[in-house]
2 protein chains.
Amino acid sequence: MRSKTTSLRDVARLAGVSVPTASQALNGRARVSDETRRRVMEAARRLRYTPHAAARRLILGRSDSVAIVPGTNMTGIFSDLFYRAVLTGVGGVFEEAGYRMLITPPLRSASQLPQFVEMASAREIDGVLVAGVVDTRWVEDTIAAGTPVVLLDNHLSGRPVPAVVNDNAGGAYSATRYLAELGHTRIGFVGAAVDYPFGRETHDGYRRALAEAGLGPDPGLERLIPIDAERAREAAGVLLSLADPPTAIFAVTDLLALGVITAARERGLAIPADLSVVGMDDIDLASVTNPPLTTVRIAKEEMGRRAARMLLDLIRGTDVNPTIVVLPNELVVRGTTGGRR
Amino acid sequence: MRSKTTSLRDVARLAGVSVPTASQALNGRARVSDETRRRVMEAARRLRYTPHAAARRLILGRSDSVAIVPGTNMTGIFSDLFYRAVLTGVGGVFEEAGYRMLITPPLRSASQLPQFVEMASAREIDGVLVAGVVDTRWVEDTIAAGTPVVLLDNHLSGRPVPAVVNDNAGGAYSATRYLAELGHTRIGFVGAAVDYPFGRETHDGYRRALAEAGLGPDPGLERLIPIDAERAREAAGVLLSLADPPTAIFAVTDLLALGVITAARERGLAIPADLSVVGMDDIDLASVTNPPLTTVRIAKEEMGRRAARMLLDLIRGTDVNPTIVVLPNELVVRGTTGGRR
DNA sequence: CGGGGTTGTCAAATCGATTTGACACCCAGC
DNA sequence: GCTGGGTGTCAAATCGATTTGACAACCCCG
């Protein structure tokens with residue numbers, strides 16, 4: 001249980017030098033004779049010496065680790081196929097830079113967020129990456145406490161908090177426009193609450209494409225719901241039960257699109273013959289469904305990489321202008337869309 | 001960038017006491033007058049004081065955090081729907097116990113594992129939870145270094161390393177036996193390499209059920225592949241192209257089962273009319289596919305909880321007998337299985 | 001042979017918190 | 001008034017590593 005750690009003192013003793021000299025030898029900063037360095041290195045190797053992390057952090061004043069905060073909009077950062085890809089990008093960058101990532105289990109409420117303020121003020125982490133929706137006040141507190149924050153897949157309107165986001169409005173626009181070009185005139189919308197950026201932007205893009213196609217908006221064709229496949233199934237059920245149901249539906253995430261497809265199948269509708277469906281994300285699963293899903297591909301890994309690099313720049317003080325980076329996306333046409341019959 | 005931290009010294013100064021007294025007051029251990037305690041508390045509040053984590057760890061000798069190591073069998077702990085559920089269980093326990101979880105990005109090779117040995121020997125973490133396949137030698141090194149290790153969904157044969165696993169053999173047995181009871185005589189197997197416990201055990205369970213049903217094993221009906229939906233699609237393609245193809249297939253994970261279903265669809269086979277399919281895991285997606293997947297439900301969250309509690313016990317020295325806990329599972333019959341026609 | 005310049009090593013201070021033990025103070029009792 | 005038992009506070013030591021500056025030991029050169 002309590003096997004005692006080998007400390008620098010042990011190494012120094014074995015090498016027959018003082019502690020500071022051993023430190024110098026290992027870190028190679030100052031003048032140490034080759035012979036001494038060799039002896040210290042050898043001693044460290046023999047004793048399997050590893051510097052005590054807490055002690056280093058204390059004296060060096062940095063922790064070389066960052067926190068990844070799952071926003072309140074997700075049930076958990078592990079359950080989300082979209083963030084999995086984003087985190088792959090994030091992880092690659094921090095790994096290469098020698099940083100550790102601290103991830104907590106899924107936050108169940110916004111009240112758990114202050115935990116990260118504490119970690120930041122305890123100097124346990126050098127920076128914070130927030131994925132998804134988060135309380136504005138919290139972000140401001142953290143920044144005020146001197147800890148760099150970068151937002152991922154979300155941004156605070158009008159505030160200069162650095163962020164990396166997908167062009168949600170553009171993606172929703174391309175998807176809807178494509179459906180209109182296929183000849184659909186009744187295009188349903190399964191989206192998210194418009195009181196946060198993602199929900200608002202996708203709704204805007206959808207409406208703009210309709211307008212440009214000369215189609216008036218029909219609130220009866222729009223359902224705003226939480227991001228959940230089951231809720232999407234219900235929502236699509238409502239739309240498909242209308243007297244004059246949509247012949248195409250744009251769902252703002254792939255998960256929702258899968259729910260829509262399930263609802264269509266339950267009603268015996270063929271896809272894409274009876275109903276065209278477009279999602280957004282291009283999660284891995286999208287290409288293996290039957291038929292494979294037409295969707296808007298978000299540059300997920302790139303999103304993670306950009307955000308991670310921004311945070312590193314902020315931590316190192318290289319860059320100080322907070323910017324919001326908007327990444328372009330791309331419509332990927334697969335099997336769930338077809339002309340209006 | 002460098003906003004200076006408020007330390008205990010600042011709090012003490014503001015309260016008009018010495019540093020040790022302030023510490024006593026905040027931690028409430030020894031005798032401190034009520035008046036002094038009140039003043040210190042007030043000062044701490046005003047200054048938004050948070051103890052420096054590294055300093056505490058240094059003096060207290062523990063970090064109150066554990067590492068979660070994704071094994072080498074997965075592309076990433078984020079991409080895996082199965083481990084998402086397991087981690088939900090793990091997270092709940094550690095959260096409640098006041099421990100932090102450190103998770104690294106997906107390991108790409110076994111060579112990255114020593115990173116955790118370092119963290120352990122740097123006393124950065126109090127314990128390690130390894131999810132999935134991992135190098136035996138590494139586990140032994142870590143334990144030898146005095147850091148408790150618990151294995152999740154894997155175990156080391158013949159070695160007394162504490163672990164929590166699913167009854168893989170039992171699950172494979174129930175699934176195969178159920179297919180046999182439905183009247184199928186040619187039952188395919190899409191499994192994993194038999195050179196690690198999961199692969200071996202599922203294969204054993206499958207063979208045992210066949211034997212009990214009086215069906216001889218047919219190596220031509222068995223495909224051993226990496227856990228990947230695409231590879232499962234290919235493997236099922238091979239099986240379904242046989243002169244005398246299987247009328248039922250047991251795939252050792254739900255993800256593989258989805259790949260099998262895709263392959264069947266590509267060949268115009270109806271499920272379950274032309275082909276019965278059973279998976280194992282019961283990932284969230286399993287119940288929303290079309291038709292919903294018959295599968296063996298693994299006690300995923302319970303698995304995580306048990307492993308987390310075992311690790312806590314080891315860290316606290318409460319329990320010292322390494323045990324391997326085998327969790328029972330349950331066949332969930334849904335829509336992908338039917339009688340042989 | 002002594003002064004200036006290297007060169008290698010170590011003593012001491014530091015980071016921020018906690019724990020131990022010494023000290024001053026007060027009150028009661030003989 | 002002196003002793004003894006509490007009580008509250010603080011000085012000092014500690015955890016393990018790093019950094020600064022002092023101090024030898026040595027060399028070269030005039």
# chains A, B, ... in the order shown; residues from 1 in each chain; ligands from 1
$ calpha_fit_and_write --fixed "chain B" --moving "chain A" --output "short mmCIF file (atom, residue, chain, number, x, y, z; two decimals) with C-alpha atoms, in the first residue's frame"
data_model
loop_
_atom_site.label_atom_id
_atom_site.label_comp_id
_atom_site.auth_asym_id
_atom_site.auth_seq_id
_atom_site.Cartn_x
_atom_site.Cartn_y
_atom_site.Cartn_z
CA MET A 1 -2.54 36.02 -17.80
CA ARG A 2 -0.61 35.96 -14.59
CA SER A 3 -3.28 37.07 -12.11
CA LYS A 4 -1.66 36.12 -8.86
CA THR A 5 -3.32 33.41 -6.84
CA THR A 6 -4.66 34.27 -3.44
CA SER A 7 -2.90 32.01 -1.00
CA LEU A 8 -3.53 31.07 2.57
CA ARG A 9 -1.10 33.77 3.57
CA ASP A 10 -3.41 36.43 2.15
CA VAL A 11 -6.33 35.01 4.03
CA ALA A 12 -4.36 34.91 7.26
CA ARG A 13 -3.21 38.47 6.80
CA LEU A 14 -6.71 39.75 6.18
CA ALA A 15 -8.03 37.88 9.20
CA GLY A 16 -5.18 39.13 11.34
CA VAL A 17 -3.86 35.69 12.29
CA SER A 18 -0.93 33.49 11.33
CA VAL A 19 -0.94 31.02 8.46
CA PRO A 20 -1.13 27.88 10.63
CA THR A 21 -4.04 29.30 12.57
CA ALA A 22 -5.87 30.06 9.35
CA SER A 23 -5.26 26.50 8.19
CA GLN A 24 -6.60 25.14 11.47
CA ALA A 25 -9.64 27.35 11.29
CA LEU A 26 -10.50 26.27 7.76
CA ASN A 27 -9.93 22.60 8.32
CA GLY A 28 -11.52 22.62 11.74
CA ARG A 29 -9.20 20.06 13.19
CA ALA A 30 -7.78 21.69 16.31
CA ARG A 31 -8.79 24.25 18.90
CA VAL A 32 -9.46 27.64 17.43
CA SER A 33 -11.73 30.18 19.05
CA ASP A 34 -15.11 30.70 17.46
CA GLU A 35 -14.34 34.34 16.88
CA THR A 36 -11.09 33.57 15.05
CA ARG A 37 -12.71 30.88 12.94
CA ARG A 38 -15.45 33.28 11.93
CA ARG A 39 -12.95 35.92 10.89
CA VAL A 40 -10.89 33.45 8.87
CA MET A 41 -13.91 31.99 7.13
CA GLU A 42 -15.07 35.47 6.25
CA ALA A 43 -11.66 36.43 4.89
CA ALA A 44 -11.47 33.25 2.81
CA ARG A 45 -14.89 33.94 1.38
CA ARG A 46 -14.07 37.54 0.55
CA LEU A 47 -10.84 36.59 -1.21
CA ARG A 48 -12.44 33.57 -2.95
CA TYR A 49 -9.68 31.45 -1.53
CA THR A 50 -9.12 27.93 -2.85
CA PRO A 51 -6.26 25.84 -1.51
CA HIS A 52 -3.51 25.23 -4.03
CA ALA A 53 -4.01 21.65 -5.17
CA ALA A 54 -0.35 20.85 -5.77
CA ALA A 55 0.66 22.13 -2.35
CA ARG A 56 -1.97 20.01 -0.65
CA ARG A 57 -0.98 16.95 -2.57
CA LEU A 58 2.62 17.45 -1.72
CA ILE A 59 2.09 17.60 2.00
CA LEU A 60 -0.82 15.15 2.19
CA GLY A 61 0.78 12.58 -0.06
CA ARG A 62 -2.32 11.77 -2.05
CA SER A 63 -3.95 13.22 -5.13
CA ASP A 64 -7.57 12.14 -4.79
CA SER A 65 -7.64 11.28 -8.43
CA VAL A 66 -7.57 8.12 -10.47
CA ALA A 67 -6.64 7.37 -14.04
CA ILE A 68 -8.91 5.63 -16.49
CA VAL A 69 -6.87 3.81 -19.10
CA PRO A 70 -8.53 2.86 -22.36
CA GLY A 71 -7.17 -0.50 -23.40
CA THR A 72 -5.48 -1.10 -26.70
CA ASN A 73 -8.46 -2.98 -28.10
CA MET A 74 -10.45 0.15 -28.70
CA THR A 75 -10.05 2.97 -31.13
CA GLY A 76 -10.89 5.34 -28.34
CA ILE A 77 -12.82 5.40 -25.16
CA PHE A 78 -15.05 8.04 -26.65
CA SER A 79 -15.99 6.10 -29.72
CA ASP A 80 -17.19 3.08 -27.87
CA LEU A 81 -20.87 2.96 -27.06
CA PHE A 82 -20.27 0.08 -24.70
CA TYR A 83 -17.69 1.82 -22.56
CA ARG A 84 -19.78 4.95 -22.44
CA ALA A 85 -22.25 3.11 -20.25
CA VAL A 86 -19.53 1.49 -18.19
CA LEU A 87 -17.94 4.86 -17.57
CA THR A 88 -21.21 6.34 -16.47
CA GLY A 89 -21.16 3.83 -13.62
CA VAL A 90 -17.50 4.47 -12.88
CA GLY A 91 -17.99 8.22 -12.90
CA GLY A 92 -20.88 8.13 -10.47
CA VAL A 93 -18.89 6.28 -7.83
CA PHE A 94 -15.75 8.40 -8.05
CA GLU A 95 -17.71 11.59 -8.16
CA GLU A 96 -19.52 10.70 -4.99
CA ALA A 97 -16.26 9.74 -3.32
CA GLY A 98 -14.72 13.09 -4.22
CA TYR A 99 -12.20 11.67 -6.67
CA ARG A 100 -11.26 13.10 -10.01
CA MET A 101 -10.91 11.04 -13.13
CA LEU A 102 -8.01 11.52 -15.48
CA ILE A 103 -8.61 10.24 -18.96
CA THR A 104 -6.17 10.41 -21.80
CA PRO A 105 -7.05 10.51 -25.44
CA PRO A 106 -7.30 7.16 -27.21
CA LEU A 107 -4.08 5.18 -26.95
CA ARG A 108 -2.81 4.36 -30.37
CA SER A 109 -0.35 1.74 -29.31
CA ALA A 110 0.82 -0.16 -26.29
CA SER A 111 3.93 1.98 -26.27
CA GLN A 112 1.94 4.88 -24.92
CA LEU A 113 0.98 2.96 -21.83
CA PRO A 114 4.11 3.73 -19.82
CA GLN A 115 2.76 7.25 -19.56
CA PHE A 116 0.49 5.94 -16.85
CA VAL A 117 3.30 4.19 -15.05
CA GLU A 118 4.95 7.58 -14.89
CA MET A 119 1.83 9.27 -13.62
CA ALA A 120 1.50 6.64 -10.97
CA SER A 121 5.10 6.90 -9.91
CA ALA A 122 4.88 10.69 -9.96
CA ARG A 123 2.12 10.18 -7.40
CA GLU A 124 -0.19 12.05 -9.65
CA ILE A 125 -2.85 9.41 -9.34
CA ASP A 126 -3.84 7.18 -6.48
CA GLY A 127 -5.07 4.30 -8.60
CA VAL A 128 -5.69 3.05 -12.11
CA LEU A 129 -8.72 1.56 -13.79
CA VAL A 130 -7.92 -0.23 -17.02
CA ALA A 131 -10.81 -0.68 -19.43
CA GLY A 132 -10.26 -3.49 -21.90
CA VAL A 133 -7.16 -5.18 -23.18
CA VAL A 134 -3.83 -4.16 -21.81
CA ASP A 135 -0.26 -5.36 -21.74
CA THR A 136 0.33 -7.78 -18.88
CA ARG A 137 3.80 -6.60 -18.10
CA TRP A 138 2.62 -3.06 -17.73
CA VAL A 139 0.01 -3.97 -15.17
CA GLU A 140 2.59 -5.83 -13.16
CA ASP A 141 5.01 -2.92 -13.28
CA THR A 142 2.37 -0.55 -12.01
CA ILE A 143 1.31 -2.81 -9.18
CA ALA A 144 4.95 -3.37 -8.30
CA ALA A 145 5.36 0.40 -8.10
CA GLY A 146 2.72 0.39 -5.38
CA THR A 147 -0.25 1.74 -7.31
CA PRO A 148 -3.53 -0.19 -7.10
CA VAL A 149 -4.92 -1.39 -10.40
CA VAL A 150 -8.36 -2.77 -11.24
CA LEU A 151 -9.20 -4.26 -14.61
CA LEU A 152 -12.51 -3.68 -16.31
CA ASP A 153 -13.97 -6.03 -18.90
CA ASN A 154 -10.75 -7.99 -18.96
CA HIS A 155 -8.67 -10.14 -16.66
CA LEU A 156 -5.26 -11.69 -16.54
CA SER A 157 -5.49 -15.44 -16.48
CA GLY A 158 -3.94 -16.98 -13.43
CA ARG A 159 -2.84 -13.68 -11.95
CA PRO A 160 -4.41 -12.21 -8.84
CA VAL A 161 -5.19 -8.82 -10.35
CA PRO A 162 -8.58 -7.57 -9.25
CA ALA A 163 -11.03 -7.34 -12.12
CA VAL A 164 -14.70 -7.01 -13.02
CA VAL A 165 -15.87 -8.84 -16.10
CA ASN A 166 -18.99 -9.87 -17.90
CA ASP A 167 -19.83 -13.57 -18.05
CA ASN A 168 -18.82 -13.67 -21.68
CA ALA A 169 -18.96 -17.45 -22.01
CA GLY A 170 -22.40 -17.54 -20.41
CA GLY A 171 -23.70 -14.76 -22.66
CA ALA A 172 -22.45 -16.40 -25.82
CA TYR A 173 -23.93 -19.68 -24.61
CA SER A 174 -27.41 -18.20 -23.98
CA ALA A 175 -27.45 -16.44 -27.33
CA THR A 176 -26.40 -19.49 -29.30
CA ARG A 177 -28.66 -21.79 -27.35
CA TYR A 178 -31.62 -19.53 -28.01
CA LEU A 179 -30.94 -19.64 -31.74
CA ALA A 180 -30.71 -23.44 -31.59
CA GLU A 181 -33.99 -23.61 -29.72
CA LEU A 182 -35.62 -21.60 -32.49
CA GLY A 183 -34.74 -24.50 -34.75
CA HIS A 184 -31.64 -23.15 -36.45
CA THR A 185 -29.05 -25.76 -37.25
CA ARG A 186 -26.54 -23.68 -39.19
CA ILE A 187 -25.55 -20.93 -36.75
CA GLY A 188 -22.74 -18.62 -37.79
CA PHE A 189 -20.29 -17.00 -35.43
CA VAL A 190 -18.73 -13.56 -35.89
CA GLY A 191 -16.25 -13.28 -33.08
CA ALA A 192 -12.95 -11.85 -31.98
CA ALA A 193 -9.42 -13.22 -31.94
CA VAL A 194 -9.14 -16.07 -29.44
CA ASP A 195 -5.79 -14.93 -28.10
CA TYR A 196 -7.36 -12.75 -25.45
CA PRO A 197 -9.98 -13.55 -22.83
CA PHE A 198 -13.03 -11.99 -24.44
CA GLY A 199 -12.46 -13.68 -27.78
CA ARG A 200 -11.71 -17.03 -26.22
CA GLU A 201 -14.62 -17.04 -23.78
CA THR A 202 -17.27 -16.08 -26.30
CA HIS A 203 -15.98 -18.72 -28.67
CA ASP A 204 -16.11 -21.32 -25.90
CA GLY A 205 -19.70 -20.39 -25.01
CA TYR A 206 -20.78 -20.59 -28.62
CA ARG A 207 -19.21 -24.01 -29.12
CA ARG A 208 -20.63 -25.37 -25.88
CA ALA A 209 -24.16 -24.38 -26.84
CA LEU A 210 -23.74 -26.00 -30.24
CA ALA A 211 -22.47 -29.20 -28.65
CA GLU A 212 -25.36 -29.34 -26.20
CA ALA A 213 -27.80 -28.89 -29.06
CA GLY A 214 -26.19 -31.79 -30.84
CA LEU A 215 -24.74 -29.58 -33.53
CA GLY A 216 -21.16 -30.24 -34.51
CA PRO A 217 -18.83 -27.23 -34.77
CA ASP A 218 -18.19 -26.09 -38.33
CA PRO A 219 -15.07 -23.92 -38.65
CA GLY A 220 -16.45 -22.70 -41.96
CA LEU A 221 -19.22 -20.89 -40.08
CA GLU A 222 -16.84 -19.06 -37.78
CA ARG A 223 -15.14 -15.76 -38.57
CA LEU A 224 -12.72 -14.16 -36.13
CA ILE A 225 -12.17 -10.46 -36.78
CA PRO A 226 -11.33 -7.18 -35.09
CA ILE A 227 -14.27 -5.47 -33.36
CA ASP A 228 -15.34 -3.22 -36.20
CA ALA A 229 -18.69 -2.92 -37.96
CA GLU A 230 -17.13 -2.77 -41.39
CA ARG A 231 -15.11 -5.93 -40.85
CA ALA A 232 -18.26 -7.63 -39.59
CA ARG A 233 -20.05 -6.64 -42.76
CA GLU A 234 -17.32 -8.29 -44.82
CA ALA A 235 -17.23 -11.37 -42.61
CA ALA A 236 -20.99 -11.81 -42.79
CA GLY A 237 -20.75 -11.34 -46.54
CA VAL A 238 -18.45 -14.34 -46.72
CA LEU A 239 -20.73 -16.49 -44.55
CA LEU A 240 -23.84 -15.55 -46.52
CA SER A 241 -22.13 -16.42 -49.78
CA LEU A 242 -21.50 -20.00 -48.73
CA ALA A 243 -23.17 -22.73 -50.69
CA ASP A 244 -25.06 -23.69 -47.54
CA PRO A 245 -25.23 -20.37 -45.67
CA PRO A 246 -26.20 -19.97 -42.00
CA THR A 247 -29.81 -19.07 -41.16
CA ALA A 248 -28.70 -17.43 -37.93
CA ILE A 249 -25.60 -15.57 -36.79
CA PHE A 250 -24.36 -14.73 -33.35
CA ALA A 251 -22.07 -11.70 -33.29
CA VAL A 252 -20.11 -11.12 -30.11
CA THR A 253 -20.92 -7.41 -29.90
CA ASP A 254 -23.85 -5.27 -31.01
CA LEU A 255 -21.61 -3.29 -33.30
CA LEU A 256 -20.66 -6.45 -35.13
CA ALA A 257 -24.32 -7.47 -35.26
CA LEU A 258 -25.14 -4.19 -36.98
CA GLY A 259 -22.48 -4.94 -39.55
CA VAL A 260 -23.99 -8.38 -40.09
CA ILE A 261 -27.43 -6.85 -40.62
CA THR A 262 -26.01 -4.43 -43.17
CA ALA A 263 -24.47 -7.32 -45.10
CA ALA A 264 -27.76 -9.23 -45.06
CA ARG A 265 -29.66 -6.21 -46.36
CA GLU A 266 -27.17 -5.75 -49.17
CA ARG A 267 -28.05 -9.26 -50.30
CA GLY A 268 -31.76 -8.57 -50.11
CA LEU A 269 -32.27 -10.85 -47.13
CA ALA A 270 -35.11 -10.01 -44.76
CA ILE A 271 -34.49 -9.97 -41.03
CA PRO A 272 -35.53 -12.04 -39.21
CA ALA A 273 -37.34 -13.99 -41.95
CA ASP A 274 -34.21 -15.01 -43.87
CA LEU A 275 -31.59 -14.48 -41.18
CA SER A 276 -31.73 -14.27 -37.41
CA VAL A 277 -29.10 -12.12 -35.70
CA VAL A 278 -28.12 -11.85 -32.04
CA GLY A 279 -25.57 -9.44 -30.62
CA MET A 280 -24.13 -8.80 -27.18
CA ASP A 281 -23.80 -5.57 -25.12
CA ASP A 282 -27.24 -4.00 -25.50
CA ILE A 283 -25.87 -0.60 -26.44
CA ASP A 284 -28.42 2.21 -26.49
CA LEU A 285 -28.63 2.03 -30.22
CA ALA A 286 -29.70 -1.61 -30.16
CA SER A 287 -33.31 -0.86 -29.31
CA VAL A 288 -33.81 1.82 -31.94
CA THR A 289 -32.55 -0.04 -34.99
CA ASN A 290 -34.99 -1.52 -37.43
CA PRO A 291 -35.91 -4.10 -36.41
CA PRO A 292 -34.68 -3.68 -32.85
CA LEU A 293 -31.79 -5.97 -32.07
CA THR A 294 -32.05 -9.17 -30.06
CA THR A 295 -29.01 -9.15 -27.81
CA VAL A 296 -27.39 -10.19 -24.56
CA ARG A 297 -27.66 -7.33 -22.11
CA ILE A 298 -24.46 -6.75 -20.17
CA ALA A 299 -24.74 -5.04 -16.79
CA LYS A 300 -22.62 -2.18 -18.06
CA GLU A 301 -23.17 0.48 -15.45
CA GLU A 302 -23.02 -2.06 -12.65
CA MET A 303 -19.72 -3.24 -14.10
CA GLY A 304 -18.35 0.28 -13.86
CA ARG A 305 -19.67 0.79 -10.35
CA ARG A 306 -18.23 -2.45 -9.04
CA ALA A 307 -14.82 -1.79 -10.54
CA ALA A 308 -14.73 1.75 -9.18
CA ARG A 309 -15.65 0.57 -5.70
CA MET A 310 -13.01 -2.12 -5.80
CA LEU A 311 -10.39 0.44 -6.71
CA LEU A 312 -11.50 2.77 -3.91
CA ASP A 313 -11.24 -0.11 -1.43
CA LEU A 314 -7.74 -0.87 -2.62
CA ILE A 315 -6.66 2.76 -2.41
CA ARG A 316 -8.02 3.11 1.09
CA GLY A 317 -6.54 -0.18 2.10
CA THR A 318 -9.96 -1.43 3.20
CA ASP A 319 -9.79 -4.54 1.10
CA VAL A 320 -6.68 -6.34 0.05
CA ASN A 321 -7.85 -9.60 -1.48
CA PRO A 322 -7.73 -9.29 -5.21
CA THR A 323 -10.90 -10.83 -6.62
CA ILE A 324 -12.33 -11.32 -10.03
CA VAL A 325 -16.01 -10.46 -10.11
CA VAL A 326 -18.03 -12.07 -12.89
CA LEU A 327 -21.30 -10.29 -13.60
CA PRO A 328 -24.31 -12.18 -14.94
CA ASN A 329 -26.08 -11.04 -18.10
CA GLU A 330 -29.47 -11.49 -19.67
CA LEU A 331 -30.82 -12.36 -23.12
CA VAL A 332 -33.13 -9.65 -24.44
CA VAL A 333 -35.31 -10.91 -27.26
CA ARG A 334 -36.33 -8.21 -29.70
CA GLY A 335 -36.98 -8.20 -33.41
CA THR A 336 -33.97 -9.69 -35.18
CA THR A 337 -34.63 -13.31 -34.28
CA GLY A 338 -37.26 -15.72 -35.48
CA GLY A 339 -37.90 -19.44 -36.09
CA ARG A 340 -36.24 -21.15 -38.99
CA ARG A 341 -38.59 -21.01 -41.91
#
$ select_by_dssp --residues "region 51-240 of chain B" --states "strand (DSSP E)" --output "ChimeraX atom specification"
/B:65-70,100-103,127-131,149-152,163-166,187-191,222-224
$ closest_atom_pairs --of "chain D" --to "chain A" --cutoff "7 Å" --atoms "only C-alpha atoms (C1' of nucleotides)" --output "JSON lines"
{"residue": "D:DG16", "atom": "C1'", "partner": "A:Ala55", "partner_atom": "CA", "distance": 5.1}
{"residue": "D:DA17", "atom": "C1'", "partner": "A:Ala55", "partner_atom": "CA", "distance": 5.6}
{"residue": "D:DT18", "atom": "C1'", "partner": "A:Ile59", "partner_atom": "CA", "distance": 6.6}
$ atom_distance --atom1 "C1' of DT9 (chain D)" --atom2 "C1' of DA28 (chain C)"
22.3 Å
$ atom_distance --atom1 "C1' of DA12 (chain D)" --atom2 "C1' of DC23 (chain C)"
12.9 Å
$ select_by_dssp --residues "region 178-207 of chain B" --states "alpha helix (DSSP H)" --output "PDB file with N, CA, C and O atoms, in the first residue's frame"
ATOM      1  N   TYR B 178     -30.233 -20.135 -27.621  1.00  0.00           N
ATOM      2  CA  TYR B 178     -31.547 -19.623 -28.013  1.00  0.00           C
ATOM      3  C   TYR B 178     -31.767 -19.832 -29.511  1.00  0.00           C
ATOM      4  O   TYR B 178     -32.837 -20.268 -29.951  1.00  0.00           O
ATOM      5  N   LEU B 179     -30.739 -19.547 -30.300  1.00  0.00           N
ATOM      6  CA  LEU B 179     -30.857 -19.735 -31.752  1.00  0.00           C
ATOM      7  C   LEU B 179     -31.088 -21.203 -32.091  1.00  0.00           C
ATOM      8  O   LEU B 179     -31.899 -21.537 -32.972  1.00  0.00           O
ATOM      9  N   ALA B 180     -30.393 -22.056 -31.352  1.00  0.00           N
ATOM     10  CA  ALA B 180     -30.568 -23.487 -31.600  1.00  0.00           C
ATOM     11  C   ALA B 180     -31.990 -23.920 -31.240  1.00  0.00           C
ATOM     12  O   ALA B 180     -32.624 -24.688 -31.965  1.00  0.00           O
ATOM     13  N   GLU B 181     -32.506 -23.382 -30.147  1.00  0.00           N
ATOM     14  CA  GLU B 181     -33.861 -23.727 -29.714  1.00  0.00           C
ATOM     15  C   GLU B 181     -34.909 -23.264 -30.720  1.00  0.00           C
ATOM     16  O   GLU B 181     -35.994 -23.834 -30.811  1.00  0.00           O
ATOM     17  N   PRO B 197      -8.860 -12.840 -23.574  1.00  0.00           N
ATOM     18  CA  PRO B 197      -9.971 -13.456 -22.840  1.00  0.00           C
ATOM     19  C   PRO B 197     -11.335 -13.321 -23.505  1.00  0.00           C
ATOM     20  O   PRO B 197     -12.035 -14.322 -23.674  1.00  0.00           O
ATOM     21  N   PHE B 198     -11.710 -12.109 -23.897  1.00  0.00           N
ATOM     22  CA  PHE B 198     -13.043 -11.921 -24.455  1.00  0.00           C
ATOM     23  C   PHE B 198     -13.274 -12.801 -25.681  1.00  0.00           C
ATOM     24  O   PHE B 198     -14.305 -13.472 -25.811  1.00  0.00           O
ATOM     25  N   GLY B 199     -12.307 -12.799 -26.572  1.00  0.00           N
ATOM     26  CA  GLY B 199     -12.435 -13.583 -27.790  1.00  0.00           C
ATOM     27  C   GLY B 199     -12.537 -15.070 -27.483  1.00  0.00           C
ATOM     28  O   GLY B 199     -13.392 -15.777 -28.016  1.00  0.00           O
ATOM     29  N   ARG B 200     -11.689 -15.527 -26.581  1.00  0.00           N
ATOM     30  CA  ARG B 200     -11.652 -16.935 -26.247  1.00  0.00           C
ATOM     31  C   ARG B 200     -12.945 -17.388 -25.572  1.00  0.00           C
ATOM     32  O   ARG B 200     -13.561 -18.378 -25.947  1.00  0.00           O
ATOM     33  N   GLU B 201     -13.372 -16.585 -24.589  1.00  0.00           N
ATOM     34  CA  GLU B 201     -14.550 -16.977 -23.816  1.00  0.00           C
ATOM     35  C   GLU B 201     -15.830 -17.023 -24.660  1.00  0.00           C
ATOM     36  O   GLU B 201     -16.640 -17.944 -24.530  1.00  0.00           O
ATOM     37  N   THR B 202     -16.022 -16.022 -25.501  1.00  0.00           N
ATOM     38  CA  THR B 202     -17.225 -16.033 -26.335  1.00  0.00           C
ATOM     39  C   THR B 202     -17.199 -17.227 -27.285  1.00  0.00           C
ATOM     40  O   THR B 202     -18.220 -17.867 -27.531  1.00  0.00           O
ATOM     41  N   HIS B 203     -16.030 -17.525 -27.787  1.00  0.00           N
ATOM     42  CA  HIS B 203     -15.911 -18.669 -28.693  1.00  0.00           C
ATOM     43  C   HIS B 203     -16.242 -19.977 -27.963  1.00  0.00           C
ATOM     44  O   HIS B 203     -16.977 -20.830 -28.477  1.00  0.00           O
ATOM     45  N   ASP B 204     -15.719 -20.076 -26.746  1.00  0.00           N
ATOM     46  CA  ASP B 204     -16.011 -21.269 -25.940  1.00  0.00           C
ATOM     47  C   ASP B 204     -17.516 -21.421 -25.706  1.00  0.00           C
ATOM     48  O   ASP B 204     -18.076 -22.514 -25.840  1.00  0.00           O
ATOM     49  N   GLY B 205     -18.169 -20.302 -25.336  1.00  0.00           N
ATOM     50  CA  GLY B 205     -19.595 -20.345 -25.038  1.00  0.00           C
ATOM     51  C   GLY B 205     -20.400 -20.787 -26.259  1.00  0.00           C
ATOM     52  O   GLY B 205     -21.337 -21.597 -26.165  1.00  0.00           O
ATOM     53  N   TYR B 206     -20.026 -20.252 -27.398  1.00  0.00           N
ATOM     54  CA  TYR B 206     -20.699 -20.588 -28.656  1.00  0.00           C
ATOM     55  C   TYR B 206     -20.566 -22.080 -28.949  1.00  0.00           C
ATOM     56  O   TYR B 206     -21.552 -22.786 -29.194  1.00  0.00           O
ATOM     57  N   ARG B 207     -19.332 -22.575 -28.835  1.00  0.00           N
ATOM     58  CA  ARG B 207     -19.085 -23.987 -29.144  1.00  0.00           C
ATOM     59  C   ARG B 207     -19.816 -24.921 -28.176  1.00  0.00           C
ATOM     60  O   ARG B 207     -20.338 -25.966 -28.563  1.00  0.00           O
TER      61      ARG B 207
END
